[in-house]
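So this block is work31.txt, compact mmCIF, C-alpha atoms:
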```txt
# COMPACT_ATOMS: atom_id res chain seq x y z
CA MET A 1 -1.93 -18.74 1.68
CA SER A 2 -0.04 -16.73 -0.84
CA LEU A 3 3.57 -16.44 -1.89
CA SER A 4 5.35 -13.17 -1.43
CA PRO A 5 5.32 -11.12 -4.63
CA ALA A 6 8.15 -11.39 -7.17
CA SER A 7 8.51 -7.64 -7.14
CA GLY A 8 10.03 -8.26 -3.75
CA ILE A 9 9.17 -7.33 -0.21
CA GLY A 10 12.51 -8.37 1.26
CA ARG A 11 14.07 -5.81 3.52
CA PHE A 12 17.77 -5.15 3.25
CA TYR A 13 20.47 -2.92 4.56
CA LYS A 14 22.00 -0.45 2.13
CA HIS A 15 25.52 -1.80 2.43
CA SER A 16 24.79 -5.46 3.11
CA ALA A 17 26.03 -8.11 0.69
CA LYS A 18 23.44 -8.87 -2.00
CA ILE A 19 23.58 -11.94 -4.18
CA ILE A 20 21.93 -13.10 -7.38
CA ARG A 21 21.01 -16.72 -6.87
CA PHE A 22 18.44 -19.42 -7.37
CA VAL A 23 15.51 -20.10 -5.08
CA ARG A 24 14.20 -23.61 -5.38
CA HIS A 25 10.47 -23.64 -5.89
CA GLY A 26 8.62 -26.56 -7.37
CA CYS A 27 8.21 -29.72 -5.34
CA ALA A 28 9.79 -33.10 -4.71
CA ASN A 29 11.53 -34.41 -7.87
CA ARG A 30 10.38 -31.37 -9.77
CA PRO A 31 12.82 -28.48 -9.35
CA PHE A 32 11.94 -25.02 -10.50
CA TYR A 33 14.02 -22.00 -9.74
CA HIS A 34 13.41 -18.32 -9.35
CA ILE A 35 16.45 -16.19 -10.02
CA VAL A 36 16.37 -13.55 -7.33
CA VAL A 37 18.34 -10.80 -5.67
CA MET A 38 18.48 -11.08 -1.93
CA GLU A 39 20.73 -10.52 1.04
CA ARG A 40 23.53 -13.01 0.94
CA ARG A 41 23.24 -14.09 4.56
CA LYS A 42 19.56 -14.97 4.26
CA ASN A 43 17.88 -18.33 3.81
CA GLN A 44 16.66 -18.90 0.28
CA HIS A 45 13.01 -19.00 1.28
CA GLN A 46 13.03 -15.61 2.96
CA PRO A 47 11.30 -12.75 1.11
CA VAL A 48 13.45 -11.55 -1.78
CA ILE A 49 14.54 -8.05 -2.72
CA GLU A 50 13.63 -8.64 -6.33
CA GLN A 51 13.01 -11.50 -8.72
CA VAL A 52 15.05 -11.11 -11.90
CA GLY A 53 14.19 -14.32 -13.71
CA SER A 54 13.18 -17.94 -13.59
CA TYR A 55 14.77 -21.21 -14.64
CA ASP A 56 13.13 -24.51 -15.37
CA PRO A 57 15.91 -27.15 -15.40
CA LEU A 58 13.75 -30.00 -16.68
CA PRO A 59 13.45 -30.16 -20.48
CA ASN A 60 9.95 -29.57 -21.75
CA ALA A 61 8.07 -31.39 -24.53
CA THR A 62 10.27 -29.83 -27.23
CA ASN A 63 13.46 -30.59 -25.25
CA GLU A 64 14.06 -27.03 -24.12
CA ARG A 65 15.08 -25.79 -20.70
CA LEU A 66 13.41 -22.46 -20.29
CA VAL A 67 15.12 -19.46 -18.76
CA ALA A 68 13.74 -15.98 -18.33
CA LEU A 69 16.04 -13.14 -17.35
CA ASN A 70 15.40 -9.49 -16.61
CA THR A 71 18.76 -8.39 -17.97
CA GLU A 72 18.22 -4.73 -17.25
CA ARG A 73 17.80 -5.35 -13.53
CA ILE A 74 20.59 -7.95 -13.48
CA ARG A 75 22.95 -5.36 -14.98
CA TYR A 76 21.75 -2.85 -12.41
CA TRP A 77 22.33 -5.16 -9.48
CA LEU A 78 25.71 -6.33 -10.77
CA GLY A 79 26.66 -2.70 -11.21
CA LYS A 80 25.56 -2.14 -7.63
CA GLY A 81 28.07 -4.81 -6.60
CA ALA A 82 25.79 -7.82 -6.08
CA HIS A 83 27.52 -11.19 -5.89
CA MET A 84 26.54 -14.23 -7.94
CA SER A 85 26.21 -17.85 -6.95
CA ASP A 86 28.10 -20.26 -9.20
CA PRO A 87 25.02 -21.74 -10.91
CA ALA A 88 23.68 -18.26 -11.54
CA ALA A 89 27.03 -17.19 -12.98
CA GLU A 90 27.05 -20.25 -15.25
CA LEU A 91 23.55 -19.50 -16.46
CA LEU A 92 24.34 -15.84 -17.14
CA GLY A 93 27.50 -16.91 -18.98
CA ILE A 94 25.54 -19.23 -21.22
CA ALA A 95 22.94 -16.50 -21.73
CA GLY A 96 25.67 -14.26 -23.09
CA LEU A 97 25.41 -11.52 -20.52
CA LEU A 98 28.74 -12.37 -18.86
CA PRO A 99 31.87 -14.30 -19.92
CA VAL A 100 31.31 -18.05 -20.05
CA HIS A 101 32.01 -19.71 -16.73
CA PRO A 102 34.99 -22.13 -16.62
CA ARG A 103 32.78 -24.83 -15.18
CA THR A 104 30.71 -24.73 -18.36
CA TYR A 105 33.85 -25.45 -20.38
CA MET A 106 34.82 -28.18 -17.94
CA ASN A 107 31.43 -29.88 -18.16
CA ALA A 108 31.56 -29.58 -21.93
CA TRP A 109 34.94 -31.27 -22.31
CA ARG A 110 34.04 -33.95 -19.79
CA ASN A 111 30.82 -34.63 -21.69
CA ARG A 112 32.74 -34.73 -24.96
CA LYS A 113 35.25 -37.14 -23.46
CA ALA A 114 32.50 -39.37 -22.07
CA ALA A 115 30.72 -39.32 -25.44
CA ALA A 116 33.95 -40.20 -27.23
CA GLU A 117 34.57 -43.08 -24.85
CA ALA A 118 31.00 -44.29 -25.26
CA ALA A 119 31.40 -44.07 -29.04
CA ALA A 120 34.66 -46.02 -28.85
CA VAL A 121 32.94 -48.70 -26.79
CA GLU A 122 30.10 -48.74 -29.29
CA ALA A 123 32.58 -49.02 -32.15
CA ALA A 124 34.45 -51.82 -30.40
CA LYS A 125 31.30 -53.82 -29.60
CA PRO A 126 30.16 -54.71 -33.17
CA ALA A 127 33.71 -55.68 -34.02
CA GLU A 128 33.77 -58.15 -31.15
CA THR A 129 30.32 -59.54 -31.92
CA ALA A 130 31.01 -59.69 -35.64
CA MET B 1 17.66 -32.92 1.87
CA LEU B 2 14.73 -30.66 1.42
CA ARG B 3 11.37 -31.72 0.23
CA ALA B 4 8.05 -30.00 0.14
CA GLY B 5 6.09 -32.02 2.65
CA CYS B 6 3.02 -33.98 1.84
CA GLN B 7 -0.35 -32.57 2.74
CA LEU B 8 -0.70 -34.46 6.04
CA LEU B 9 2.69 -33.38 7.35
CA THR B 10 2.23 -29.78 6.37
CA GLN B 11 -1.18 -29.74 8.02
CA SER B 12 0.30 -30.69 11.39
CA THR B 13 3.50 -28.68 11.23
CA VAL B 14 2.35 -25.73 9.22
CA ALA B 15 2.60 -23.32 12.11
CA ALA B 16 6.17 -24.26 13.00
CA LYS B 17 7.61 -24.68 9.53
CA THR B 18 6.18 -21.80 7.57
CA GLY B 19 8.12 -18.62 7.44
CA SER B 20 6.81 -15.24 6.44
CA ASN B 21 7.00 -16.47 2.86
CA ASN B 22 4.25 -18.98 3.60
CA PHE B 23 6.41 -21.71 2.19
CA ALA B 24 6.10 -25.05 3.92
CA LEU B 25 9.30 -27.04 4.24
CA GLU B 26 9.69 -30.59 5.54
CA PHE B 27 13.05 -32.04 6.44
CA VAL B 28 13.03 -35.70 5.44
CA ARG B 29 15.72 -37.40 7.46
CA TRP B 30 14.21 -40.72 8.40
CA ARG B 31 16.21 -42.78 5.89
CA ARG B 32 19.51 -42.29 7.63
CA LYS B 33 21.00 -42.21 11.05
CA PRO B 34 20.40 -39.20 13.24
CA ARG B 35 23.23 -36.72 13.36
CA TRP B 36 23.97 -37.31 17.01
CA LEU B 37 24.87 -41.02 16.62
CA PRO B 38 28.59 -41.80 16.24
CA VAL B 39 30.18 -43.05 13.05
CA ALA B 40 29.24 -46.65 12.29
CA LYS B 41 31.88 -49.25 13.14
CA SER B 42 32.07 -50.41 9.57
CA LYS B 43 32.79 -46.91 8.36
CA LEU B 44 35.11 -45.90 11.20
CA PHE B 45 38.40 -46.26 9.34
CA ARG B 46 37.10 -45.62 5.85
CA VAL B 47 38.95 -42.78 4.16
CA PRO B 48 36.96 -41.41 1.27
CA GLU B 49 39.00 -41.37 -1.88
CA ARG B 50 39.59 -37.99 -3.38
CA LYS B 51 38.65 -37.52 -6.96
CA LYS B 52 41.75 -37.38 -9.12
CA GLN B 53 42.24 -34.35 -11.28
CA SER B 54 44.70 -34.60 -14.09
CA GLU B 55 47.46 -32.05 -14.20
CA GLU B 56 46.52 -30.67 -17.60
CA GLU B 57 42.87 -30.29 -16.55
CA ARG B 58 43.97 -28.48 -13.40
CA THR B 59 46.20 -26.05 -15.28
CA GLU B 60 43.55 -25.53 -17.92
CA LEU B 61 40.94 -24.75 -15.26
CA MET B 62 43.35 -22.41 -13.53
CA ARG B 63 43.92 -20.58 -16.80
CA LEU B 64 40.20 -20.39 -17.53
CA HIS B 65 39.42 -19.16 -14.03
CA ASN B 66 42.08 -16.48 -14.26
CA HIS B 67 40.68 -15.32 -17.57
CA TYR B 68 37.14 -15.46 -16.24
CA LYS B 69 37.95 -13.46 -13.15
CA THR B 70 39.72 -10.79 -15.18
CA GLN B 71 36.88 -10.55 -17.67
CA LEU B 72 34.27 -10.48 -14.95
CA ARG B 73 36.14 -7.74 -13.16
CA SER B 74 36.12 -5.55 -16.26
CA VAL B 75 32.44 -6.32 -16.94
CA ARG B 76 31.61 -5.40 -13.38
CA GLN B 77 33.49 -2.15 -13.68
CA TYR B 78 31.63 -1.36 -16.88
CA LEU B 79 28.28 -2.11 -15.24
CA ARG B 80 29.20 -0.01 -12.23
CA GLU B 81 29.97 2.91 -14.50
CA GLU B 82 26.77 2.25 -16.41
CA VAL B 83 24.72 2.45 -13.22
CA VAL B 84 26.39 5.73 -12.26
CA ARG B 85 25.81 7.08 -15.78
CA GLN B 86 22.20 5.96 -15.63
CA GLN B 87 21.66 7.72 -12.34
CA GLU B 88 23.25 10.91 -13.60
CA THR B 89 21.44 11.11 -16.94
CA SER B 90 18.14 9.56 -15.96
CA THR B 91 15.11 11.81 -15.84
CA ALA B 92 12.97 9.13 -14.31
CA ASP B 93 12.25 10.97 -11.09
CA HIS B 94 12.91 14.57 -12.11
CA ILE B 95 12.67 16.74 -15.24
CA VAL B 96 15.62 18.69 -16.52
CA LEU B 97 14.89 21.88 -18.56
CA THR B 98 17.05 24.65 -20.03
CA PRO B 99 16.51 28.18 -18.62
CA GLU B 100 14.70 29.25 -21.85
CA GLN B 101 12.38 26.28 -21.65
CA GLU B 102 11.77 26.99 -18.01
CA GLU B 103 10.96 30.63 -18.81
CA ALA B 104 8.60 29.59 -21.65
CA GLU B 105 6.93 27.09 -19.36
CA PHE B 106 6.55 29.77 -16.70
CA GLN B 107 5.06 32.22 -19.22
CA ARG B 108 2.62 29.62 -20.41
CA CYS B 109 1.58 28.94 -16.84
CA VAL B 110 1.13 32.69 -16.24
CA GLU B 111 -1.04 33.02 -19.35
CA VAL B 112 -3.21 30.13 -18.34
CA ASN B 113 -3.48 31.58 -14.86
CA ASN B 114 -4.43 35.03 -16.18
CA ALA B 115 -7.07 33.64 -18.52
CA TRP B 116 -8.52 31.70 -15.69
CA ASN B 117 -8.45 34.71 -13.42
CA ALA B 118 -10.29 36.83 -16.05
CA LYS B 119 -12.96 34.22 -16.45
CA ILE B 120 -13.42 33.91 -12.71
CA ALA B 121 -13.51 37.71 -12.38
CA LYS B 122 -16.37 37.95 -14.88
CA GLU B 123 -18.33 35.35 -13.03
CA ARG B 124 -17.58 37.11 -9.77
CA GLU B 125 -18.84 40.46 -11.13
CA VAL B 126 -22.16 38.94 -12.08
CA ARG B 127 -22.46 37.18 -8.77
CA LEU B 128 -21.57 40.26 -6.72
CA ALA B 129 -24.05 42.45 -8.66
CA LYS B 130 -26.77 39.95 -8.03
CA GLU B 131 -25.86 39.74 -4.38
CA ARG B 132 -25.88 43.54 -4.10
CA GLU B 133 -29.37 43.73 -5.61
CA GLU B 134 -30.59 41.07 -3.29
CA LYS B 135 -29.11 42.91 -0.35
CA VAL B 136 -30.77 46.19 -1.37
CA ALA B 137 -34.12 44.49 -1.79
CA TYR B 138 -33.75 42.80 1.54
CA VAL B 139 -32.88 46.04 3.34
CA GLN B 140 -35.79 47.82 1.68
CA GLU B 141 -38.14 45.10 2.72
CA ARG B 142 -36.85 45.17 6.27
CA LEU B 143 -37.21 48.96 6.39
CA GLU B 144 -40.82 48.79 5.22
CA ALA B 145 -41.57 46.01 7.66
CA GLY B 146 -40.03 48.14 10.43
CA LYS B 147 -42.16 51.12 9.45
CA LEU B 148 -45.26 48.96 9.51
CA ARG B 149 -44.32 47.56 12.88
CA GLU B 150 -43.78 51.06 14.25
CA GLU B 151 -47.17 52.16 12.97
CA GLU B 152 -48.87 49.22 14.57
CA ARG B 153 -47.09 49.91 17.85
CA ARG B 154 -48.20 53.55 17.71
CA GLU B 155 -51.73 52.45 16.98
CA ARG B 156 -51.72 50.09 19.93
CA ALA B 157 -50.38 52.81 22.21
CA ASN B 158 -53.08 55.27 21.03
CA GLU B 159 -55.69 52.63 21.68
CA ARG B 160 -54.34 52.14 25.18
CA VAL B 161 -54.35 55.89 25.82
CA ARG B 162 -57.95 56.23 24.61
CA TYR B 163 -58.97 53.29 26.78
CA GLU B 164 -57.28 54.80 29.86
CA ILE B 165 -58.97 58.17 29.21
CA GLU B 166 -62.28 56.36 28.92
CA GLN B 167 -61.63 54.52 32.15
CA SER B 168 -60.50 57.64 33.97
CA LYS B 169 -64.12 58.94 34.05
CA THR B 170 -65.03 56.34 36.71
CA PHE B 171 -61.85 56.75 38.81
CA ILE B 172 -62.25 57.55 42.50
CA THR B 173 -60.40 60.79 43.16
CA ARG B 174 -59.94 62.93 46.26
CA GLU B 175 -62.97 65.02 45.26
CA ASN B 176 -65.53 62.23 44.91
CA LEU B 177 -64.03 59.97 47.61
CA ASP B 178 -66.75 60.67 50.17
CA GLU B 179 -69.44 60.11 47.61
CA ALA B 180 -67.92 56.77 46.61
CA ILE B 181 -67.70 55.67 50.22
CA GLU B 182 -71.31 56.61 50.70
CA THR B 183 -72.33 54.62 47.63
CA ALA B 184 -70.31 51.58 48.71
CA LEU B 185 -71.79 51.63 52.18
CA ALA B 186 -75.25 52.07 50.75
CA ASN B 187 -74.91 49.07 48.43
CA PRO B 188 -73.21 46.18 50.27
CA VAL B 189 -72.31 43.27 48.00
CA ASP B 190 -72.30 39.73 49.27
CA HIS B 191 -69.87 37.54 47.28
CA ASN B 192 -70.67 34.30 49.13
CA PHE B 193 -72.37 31.55 47.21
CA ALA B 194 -72.98 27.83 47.28
CA ILE B 195 -73.13 25.17 44.57
CA ASP B 196 -75.59 22.29 44.48
CA LEU B 197 -75.01 18.94 42.87
CA ALA B 198 -76.33 20.14 39.53
CA GLY B 199 -73.76 22.94 39.50
CA ASN B 200 -76.20 25.77 40.09
CA MET B 201 -74.77 28.73 41.85
CA ILE B 202 -76.75 29.94 44.88
CA LYS B 203 -75.67 33.43 45.79
CA GLY B 204 -76.00 34.99 49.24
CA ARG B 205 -75.95 33.45 52.63
CA SER B 206 -79.48 32.10 52.52
CA THR B 207 -80.01 28.41 51.91
CA GLN B 208 -82.95 29.12 49.69
CA PRO B 209 -82.85 30.67 46.22
CA GLN B 210 -83.66 34.31 46.39
CA SER B 211 -87.03 35.15 45.11
CA ASN B 212 -85.97 38.23 43.20
```

Structure re-expressed in structure tokens:
Amino acid sequence: MSLSPASGIGRFYKHSAKIIRFVRHGCANRPFYHIVVMERRKNQHQPVIEQVGSYDPLPNATNERLVALNTERIRYWLGKGAHMSDPAAELLGIAGLLPVHPRTYMNAWRNRKAAAEAAAVEAAKPAETA
Amino acid sequence: MLRAGCQLLTQSTVAAKTGSNNFALEFVRWRRKPRWLPVAKSKLFRVPERKKQSEEERTELMRLHNHYKTQLRSVRQYLREEVVRQQETSTADHIVLTPEQEEAEFQRCVEVNNAWNAKIAKEREVRLAKEREEKVAYVQERLEAGKLREEERRERANERVRYEIEQSKTFITRENLDEAIETALANPVDHNFAIDLAGNMIKGRSTQPQSN
């Protein structure tokens, strides 16, 4: 039992819609993603046209979330007119290859707001207790 | 909800659930109601509340999305042009040379070819000379063998002729026919014989060994 190779054995039509997206590998409660190019209409676990990176969303021992990108091939496929899923677009925006995705900004300001509120609550608490 | 199935489940359903990617999937759905059951009575008139989005956040997101789409469009155009440029200037699958370079390359190939031809020609000369010698020797040998064979044949024929001449002295001809008949009649020959158990030949028609 072997996985299909990352170099890709997926068959595709010349003018079909391609998309750069994640494929969830890993197992239950342990996501791990391959960033792949495949036909848009296909299920994520079909053979891919090409793997262009990987993404480990869980922080490792040194609190890093590791991403690997084959930027040359991503540029090629984007130039060929491949689409992008939203998470892939966000990741590429953070990586600096593309403009930063609006959702990244949105998450950032929501996180900032939540942190500020939490800090305010924290600040209020000692005053009440004291 | 997708989960990679546990070993037992995958063992039983591996044939049905694995695609060509050999990736086993198990759909875990036993925590909730099956899809074909109607909405629960307690949830029948529940209207899920929509998440509220503030006006300023909405406008801000709209602005950001507009910017993003414009920027992405220009990046895409750039990448498209880059791919075209890459394809035009790339020498990955073919080699581009100027006419002078091509001519020089051709001349170099011709020189190499000529040198090789000269070397092969020398070798061929030697080989052909050797083959010619061998052929001459072979023909000579065959000629001598043929001569010998002819001599032997002539010798055998002479022998035969001498033998026939020798034999011809006892031939019965028209002249000595009567004499021969007389001789034959005068000396009858009996070719009958018998053999006893010991293998002795007893000539003649008599049952007893002849005394003489």

Neighbour list for region 87-100 of chain B as a tab-separated table (two decimals) with C-alpha atoms, keeping the file's coordinate frame, cut-off 12 Å, only C-alpha atoms, skip fewer than 5 positions in-chain:
```tsv
chain	number	residue	atom	x	y	z
A	76	TYR	CA	21.75	-2.85	-12.41
A	79	GLY	CA	26.66	-2.70	-11.21
A	80	LYS	CA	25.56	-2.14	-7.63
B	80	ARG	CA	29.20	-0.01	-12.23
B	81	GLU	CA	29.97	2.91	-14.50
B	82	GLU	CA	26.77	2.25	-16.41
B	105	GLU	CA	6.93	27.09	-19.36
B	106	PHE	CA	6.55	29.77	-16.70
B	107	GLN	CA	5.06	32.22	-19.22
```

Checklist entry - Please, which residues of chain A lie no more than 12 Å from chain B when the count uses all atoms listed in the file, and can they be set out as a ChimeraX atom specification? => result /A:1-6,8-10,23-31,43-48,71-84,89-90,92-93,97-107,109-110

Selection from above, C-alpha atoms, as a PDB file, in the coordinates of the input, can you write it?
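Done, and the output landed in result.pdb:
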```pdb
ATOM      1  CA  MET A   1      -1.930 -18.740   1.680  1.00  0.00           C
ATOM      2  CA  SER A   2      -0.040 -16.730  -0.840  1.00  0.00           C
ATOM      3  CA  LEU A   3       3.570 -16.440  -1.890  1.00  0.00           C
ATOM      4  CA  SER A   4       5.350 -13.170  -1.430  1.00  0.00           C
ATOM      5  CA  PRO A   5       5.320 -11.120  -4.630  1.00  0.00           C
ATOM      6  CA  ALA A   6       8.150 -11.390  -7.170  1.00  0.00           C
ATOM      7  CA  GLY A   8      10.030  -8.260  -3.750  1.00  0.00           C
ATOM      8  CA  ILE A   9       9.170  -7.330  -0.210  1.00  0.00           C
ATOM      9  CA  GLY A  10      12.510  -8.370   1.260  1.00  0.00           C
ATOM     10  CA  VAL A  23      15.510 -20.100  -5.080  1.00  0.00           C
ATOM     11  CA  ARG A  24      14.200 -23.610  -5.380  1.00  0.00           C
ATOM     12  CA  HIS A  25      10.470 -23.640  -5.890  1.00  0.00           C
ATOM     13  CA  GLY A  26       8.620 -26.560  -7.370  1.00  0.00           C
ATOM     14  CA  CYS A  27       8.210 -29.720  -5.340  1.00  0.00           C
ATOM     15  CA  ALA A  28       9.790 -33.100  -4.710  1.00  0.00           C
ATOM     16  CA  ASN A  29      11.530 -34.410  -7.870  1.00  0.00           C
ATOM     17  CA  ARG A  30      10.380 -31.370  -9.770  1.00  0.00           C
ATOM     18  CA  PRO A  31      12.820 -28.480  -9.350  1.00  0.00           C
ATOM     19  CA  ASN A  43      17.880 -18.330   3.810  1.00  0.00           C
ATOM     20  CA  GLN A  44      16.660 -18.900   0.280  1.00  0.00           C
ATOM     21  CA  HIS A  45      13.010 -19.000   1.280  1.00  0.00           C
ATOM     22  CA  GLN A  46      13.030 -15.610   2.960  1.00  0.00           C
ATOM     23  CA  PRO A  47      11.300 -12.750   1.110  1.00  0.00           C
ATOM     24  CA  VAL A  48      13.450 -11.550  -1.780  1.00  0.00           C
ATOM     25  CA  THR A  71      18.760  -8.390 -17.970  1.00  0.00           C
ATOM     26  CA  GLU A  72      18.220  -4.730 -17.250  1.00  0.00           C
ATOM     27  CA  ARG A  73      17.800  -5.350 -13.530  1.00  0.00           C
ATOM     28  CA  ILE A  74      20.590  -7.950 -13.480  1.00  0.00           C
ATOM     29  CA  ARG A  75      22.950  -5.360 -14.980  1.00  0.00           C
ATOM     30  CA  TYR A  76      21.750  -2.850 -12.410  1.00  0.00           C
ATOM     31  CA  TRP A  77      22.330  -5.160  -9.480  1.00  0.00           C
ATOM     32  CA  LEU A  78      25.710  -6.330 -10.770  1.00  0.00           C
ATOM     33  CA  GLY A  79      26.660  -2.700 -11.210  1.00  0.00           C
ATOM     34  CA  LYS A  80      25.560  -2.140  -7.630  1.00  0.00           C
ATOM     35  CA  GLY A  81      28.070  -4.810  -6.600  1.00  0.00           C
ATOM     36  CA  ALA A  82      25.790  -7.820  -6.080  1.00  0.00           C
ATOM     37  CA  HIS A  83      27.520 -11.190  -5.890  1.00  0.00           C
ATOM     38  CA  MET A  84      26.540 -14.230  -7.940  1.00  0.00           C
ATOM     39  CA  ALA A  89      27.030 -17.190 -12.980  1.00  0.00           C
ATOM     40  CA  GLU A  90      27.050 -20.250 -15.250  1.00  0.00           C
ATOM     41  CA  LEU A  92      24.340 -15.840 -17.140  1.00  0.00           C
ATOM     42  CA  GLY A  93      27.500 -16.910 -18.980  1.00  0.00           C
ATOM     43  CA  LEU A  97      25.410 -11.520 -20.520  1.00  0.00           C
ATOM     44  CA  LEU A  98      28.740 -12.370 -18.860  1.00  0.00           C
ATOM     45  CA  PRO A  99      31.870 -14.300 -19.920  1.00  0.00           C
ATOM     46  CA  VAL A 100      31.310 -18.050 -20.050  1.00  0.00           C
ATOM     47  CA  HIS A 101      32.010 -19.710 -16.730  1.00  0.00           C
ATOM     48  CA  PRO A 102      34.990 -22.130 -16.620  1.00  0.00           C
ATOM     49  CA  ARG A 103      32.780 -24.830 -15.180  1.00  0.00           C
ATOM     50  CA  THR A 104      30.710 -24.730 -18.360  1.00  0.00           C
ATOM     51  CA  TYR A 105      33.850 -25.450 -20.380  1.00  0.00           C
ATOM     52  CA  MET A 106      34.820 -28.180 -17.940  1.00  0.00           C
ATOM     53  CA  ASN A 107      31.430 -29.880 -18.160  1.00  0.00           C
ATOM     54  CA  TRP A 109      34.940 -31.270 -22.310  1.00  0.00           C
ATOM     55  CA  ARG A 110      34.040 -33.950 -19.790  1.00  0.00           C
TER      56      ARG A 110
END
```

Item to check | Residue contacts of Tyr55 (chain A) (8 Å, all atoms listed in the file) excluding same-chain residues fewer than 2 positions away, as JSON, numbers by chain | outcome: {"A": [32, 33, 34, 35, 53, 57, 65, 66, 67, 68]}

Checklist entry - CA of Asp86 (chain A) to CA of Arg40 (chain A): how many Å, to one decimal? => result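 Straight-line distance from CA of Asp86 (chain A) to CA of Arg40 (chain A) works out to 13.3 Å.
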
Item to check | One-decimal distance in Å that lies between CA of Tyr13 (chain A) and CA of Glu39 (chain A) | outcome: 8.4 Å

Checklist entry - For Gly204 (chain B), which residue out of B:Gln101, B:Asn192, B:Asn176, B:Ser74 is the nearest one, using all atoms listed in the file? => result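 That would be B:Asn192, the residue with the smallest distance to Gly204 (chain B).
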
Checklist entry - What is the CA of Phe193 (chain B) to CA of Phe171 (chain B) distance in Å? => result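 About the pair CA of Phe193 (chain B) and CA of Phe171 (chain B): they are 28.6 Å apart.
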